[in-house]
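I have placed the structure first, in the form of structure tokens, so that the comments after it can refer back to it.
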Amino acid sequence: MRLLSGATASRIPCPLLSLARARARCLPVSAASGTAAFSSAAGDGGARKPWLFVGLGNPGKVYHGTRHNVGFEMIDVIAEAEGISISSMQFKAMVGKGRIGDAPIMLAKPQTFMNASGESVGQLVSYFKIPLNQVLVMYDDLDLPFAKLRLLPKGGHGGHNGMRSIINHLKQNRDFPRLRIGIGRPPGKMDPASFVLRPFNRKEQEELDFALHRGLEAVRIMTLEGFNKSATYVNTVQSSEMLNR
């Protein structure tokens with residue numbers, strides 16, 4: 001069972017843009033112009049709706065760099081790579097707005113603490129009228145091997161309290177994609193609540209960085225080419241990597 005923890009994530013240097021994705025340069029927008037663009041998306045049925053990328057974690061220095069906050073780290077990697085400033089507070093979340101190619105995107109880090117993440121996500125989805133298939137939630141997963149990613153189109157909360165809260169605030173609708181980021185199982189008989197509060201050692205952080213960069217690539221593919229191509233990239237690339245080890 002998932003318990004409370006998390007942190008604001010450390011920024012990780014932007015990786016080299018890979019192959020065709022390098023063409024999709026994100027154009028930063030000012031806070032004012034970004035808000036205007038997203039407001040029109042909320043009120044104009046003909047406007048293109050933004051993608052909402054949500055990373056789960058807990059605010060505050062005490063949680064900085066802990067396992068439960070890899071969702072925050074994923075958001076910070078995207079923001080760093082795409083030149084997006086996460087500097088405004090909207091609906092209980094730190095938010096940044098920009099574009100990948102011609103697609104508007106919104107990055108969000110709920111500041112409600114993990115177990116109440118849905119309070120923020122539900123309001124963002126409702127206000128900006130974002131289709132649920134354009135809401136990607138990124139979070140830690142104890143049941144995946146460390147640094148392994150899994151991208152799914154929908155599903156339950158799997159015992160994760162942040163996801164449980166989001167599903168509750170979306171009126172039990174589970175039809176939104178999620179990127180699960182493996183943090184592995186606690187060693188021995190360690191309490192999972194203590195394990196998710198542990199920071200990464202240097203080797204783990206290096207391995208996690210590669211995983212987060214794969215997540216960045218997945219976000220680019222999803223925004224430009226759709227969920228299916230992104231899922232194929234995320235869920236098959238690691239199988240071939242494991243064979244080469």
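Residues are named by chain letter and number: chains run A, B, ... in the order of the structure tokens, numbers start at 1 in each chain, and ligands are numbered from 1 in the order shown.
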**OP:** Report the residues of segment 161-197 of chain A whose backbone DSSP state falls under alpha helix (DSSP H), written as a PyMOL selection string.
**Re:** chain A and resi 161-169+192-195
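Here atom CA of Gln123 of chain A and atom CA of Ala93 of chain A stand 9.9 Å from one another.
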Subject >> Selected residue of minimal separation from Met94 of chain A among A:His157, A:Arg150, A:Lys109, A:Arg48, counting only C-alpha atoms >> reply: A:Lys109
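The coordinates place atom CA of Met74 of chain A at 13.2 Å from atom CA of Pro110 of chain A.
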Sorted per-residue table, segment 38-121 of chain A near segment 181-201 of chain A, closest atoms and distance, 8 Å, only C-alpha atoms, as CSV:
```
residue,atom,partner,partner_atom,distance
A:Tyr63,CA,A:Leu197,CA,7.0
A:Gly65,CA,A:Pro199,CA,5.6
A:Thr66,CA,A:Pro199,CA,4.3
A:Arg67,CA,A:Val196,CA,4.9
A:His68,CA,A:Val196,CA,5.0
A:Val70,CA,A:Ile181,CA,7.3
A:Gly71,CA,A:Ile181,CA,7.8
```
**OP:** Could you please write out, as a count of residues only, every residue of segment 21-237 of chain A that DSSP assigns to strand (DSSP E or B)?
**Re:** 42
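Between Lys203 of chain A and the candidates A:Met138, A:Ala218, A:Ile84, A:Ala147, the tightest atom-to-atom separation, counting only C-alpha atoms, involves A:Ala147.
Shortest separation to Pro153 of chain A among A:Tyr233, A:Tyr127, A:Tyr139, A:Phe227 occurs at residue A:Phe227, atoms counted being only C-alpha atoms.
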Give me the residues near Ile78 of chain A as a CSV table (one decimal) with N, CA and C atoms, in the first residue's frame, where near means some atom within 10 Å (using only C-alpha atoms) and where sequence neighbours in that chain fewer than 2 positions away do not count.
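Written out: out-v5.csv:
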```
chain,number,residue,atom,x,y,z
A,11,ARG,N,16.5,19.7,-10.4
A,11,ARG,CA,16.5,19.8,-11.9
A,11,ARG,C,17.6,19.0,-12.4
A,12,ILE,N,17.3,18.3,-13.5
A,12,ILE,CA,18.3,17.4,-14.2
A,12,ILE,C,18.6,18.1,-15.5
A,14,CYS,N,19.2,19.1,-19.3
A,14,CYS,CA,18.5,18.6,-20.5
A,14,CYS,C,19.4,17.7,-21.3
A,53,PHE,N,0.3,17.6,-18.2
A,53,PHE,CA,1.2,16.6,-17.6
A,53,PHE,C,1.4,16.9,-16.2
A,73,GLU,N,10.2,15.1,-10.1
A,73,GLU,CA,11.4,15.2,-10.9
A,73,GLU,C,11.1,15.1,-12.4
A,74,MET,N,10.2,14.2,-12.7
A,74,MET,CA,9.8,14.1,-14.2
A,74,MET,C,9.4,15.4,-14.7
A,75,ILE,N,8.5,16.1,-14.0
A,75,ILE,CA,8.0,17.4,-14.5
A,75,ILE,C,9.2,18.4,-14.6
A,76,ASP,N,10.1,18.4,-13.7
A,76,ASP,CA,11.3,19.3,-13.7
A,76,ASP,C,12.2,19.0,-14.9
A,80,GLU,N,12.9,21.8,-17.7
A,80,GLU,CA,14.3,22.2,-18.0
A,80,GLU,C,14.6,22.0,-19.5
A,81,ALA,N,14.2,20.9,-20.1
A,81,ALA,CA,14.5,20.6,-21.5
A,81,ALA,C,13.7,21.5,-22.4
A,82,GLU,N,12.5,21.8,-22.1
A,82,GLU,CA,11.7,22.6,-23.0
A,82,GLU,C,11.6,24.1,-22.7
A,83,GLY,N,12.4,24.5,-21.7
A,83,GLY,CA,12.4,26.0,-21.4
A,83,GLY,C,11.1,26.5,-20.8
A,84,ILE,N,10.5,25.7,-20.0
A,84,ILE,CA,9.2,26.2,-19.4
A,84,ILE,C,9.4,26.5,-18.0
A,107,LEU,N,2.3,21.9,-17.5
A,107,LEU,CA,3.0,21.1,-16.5
A,107,LEU,C,2.5,21.5,-15.2
A,212,LEU,N,14.2,9.1,-16.6
A,212,LEU,CA,13.5,10.3,-16.7
A,212,LEU,C,13.6,10.9,-18.1
A,213,HIS,N,14.8,10.7,-18.7
A,213,HIS,CA,15.0,11.2,-20.1
A,213,HIS,C,14.2,10.4,-21.0
A,215,GLY,N,11.4,9.2,-20.2
A,215,GLY,CA,10.0,9.8,-20.0
A,215,GLY,C,9.8,11.1,-20.8
A,216,LEU,N,10.9,11.9,-20.8
A,216,LEU,CA,10.8,13.1,-21.6
A,216,LEU,C,10.6,12.8,-23.1
A,217,GLU,N,11.3,11.9,-23.6
A,217,GLU,CA,11.1,11.5,-25.0
A,217,GLU,C,9.6,11.0,-25.2
A,219,VAL,N,7.0,11.9,-23.6
A,219,VAL,CA,6.1,13.1,-23.6
A,219,VAL,C,6.1,13.7,-25.0
A,220,ARG,N,7.3,13.9,-25.5
A,220,ARG,CA,7.4,14.5,-26.9
A,220,ARG,C,6.6,13.7,-27.9
```
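Atom CA of Gly162 of chain A is found 5.0 Å from atom CA of Met114 of chain A.
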**OP:** Find the spatial neighbours of Met222 of chain A, counting only C-alpha atoms, within a cut-off of 12 Å - ignore same-chain residues fewer than 5 positions away - and output them as a list of chain:residue names.
**Re:** A:Arg21, A:Ala24, A:Trp51, A:Leu52, A:Phe53, A:Ile100, A:Gly101, A:Ala103, A:Ile105, A:Asn133, A:Gln134, A:Val135, A:Leu136, A:Leu151, A:Pro153, A:Pro177, A:Arg178, A:Leu179, A:Gly215, A:Leu216, A:Glu217, A:Phe227, A:Asn228, A:Lys229, A:Ser230, A:Ala231, A:Thr232, A:Tyr233, A:Val234
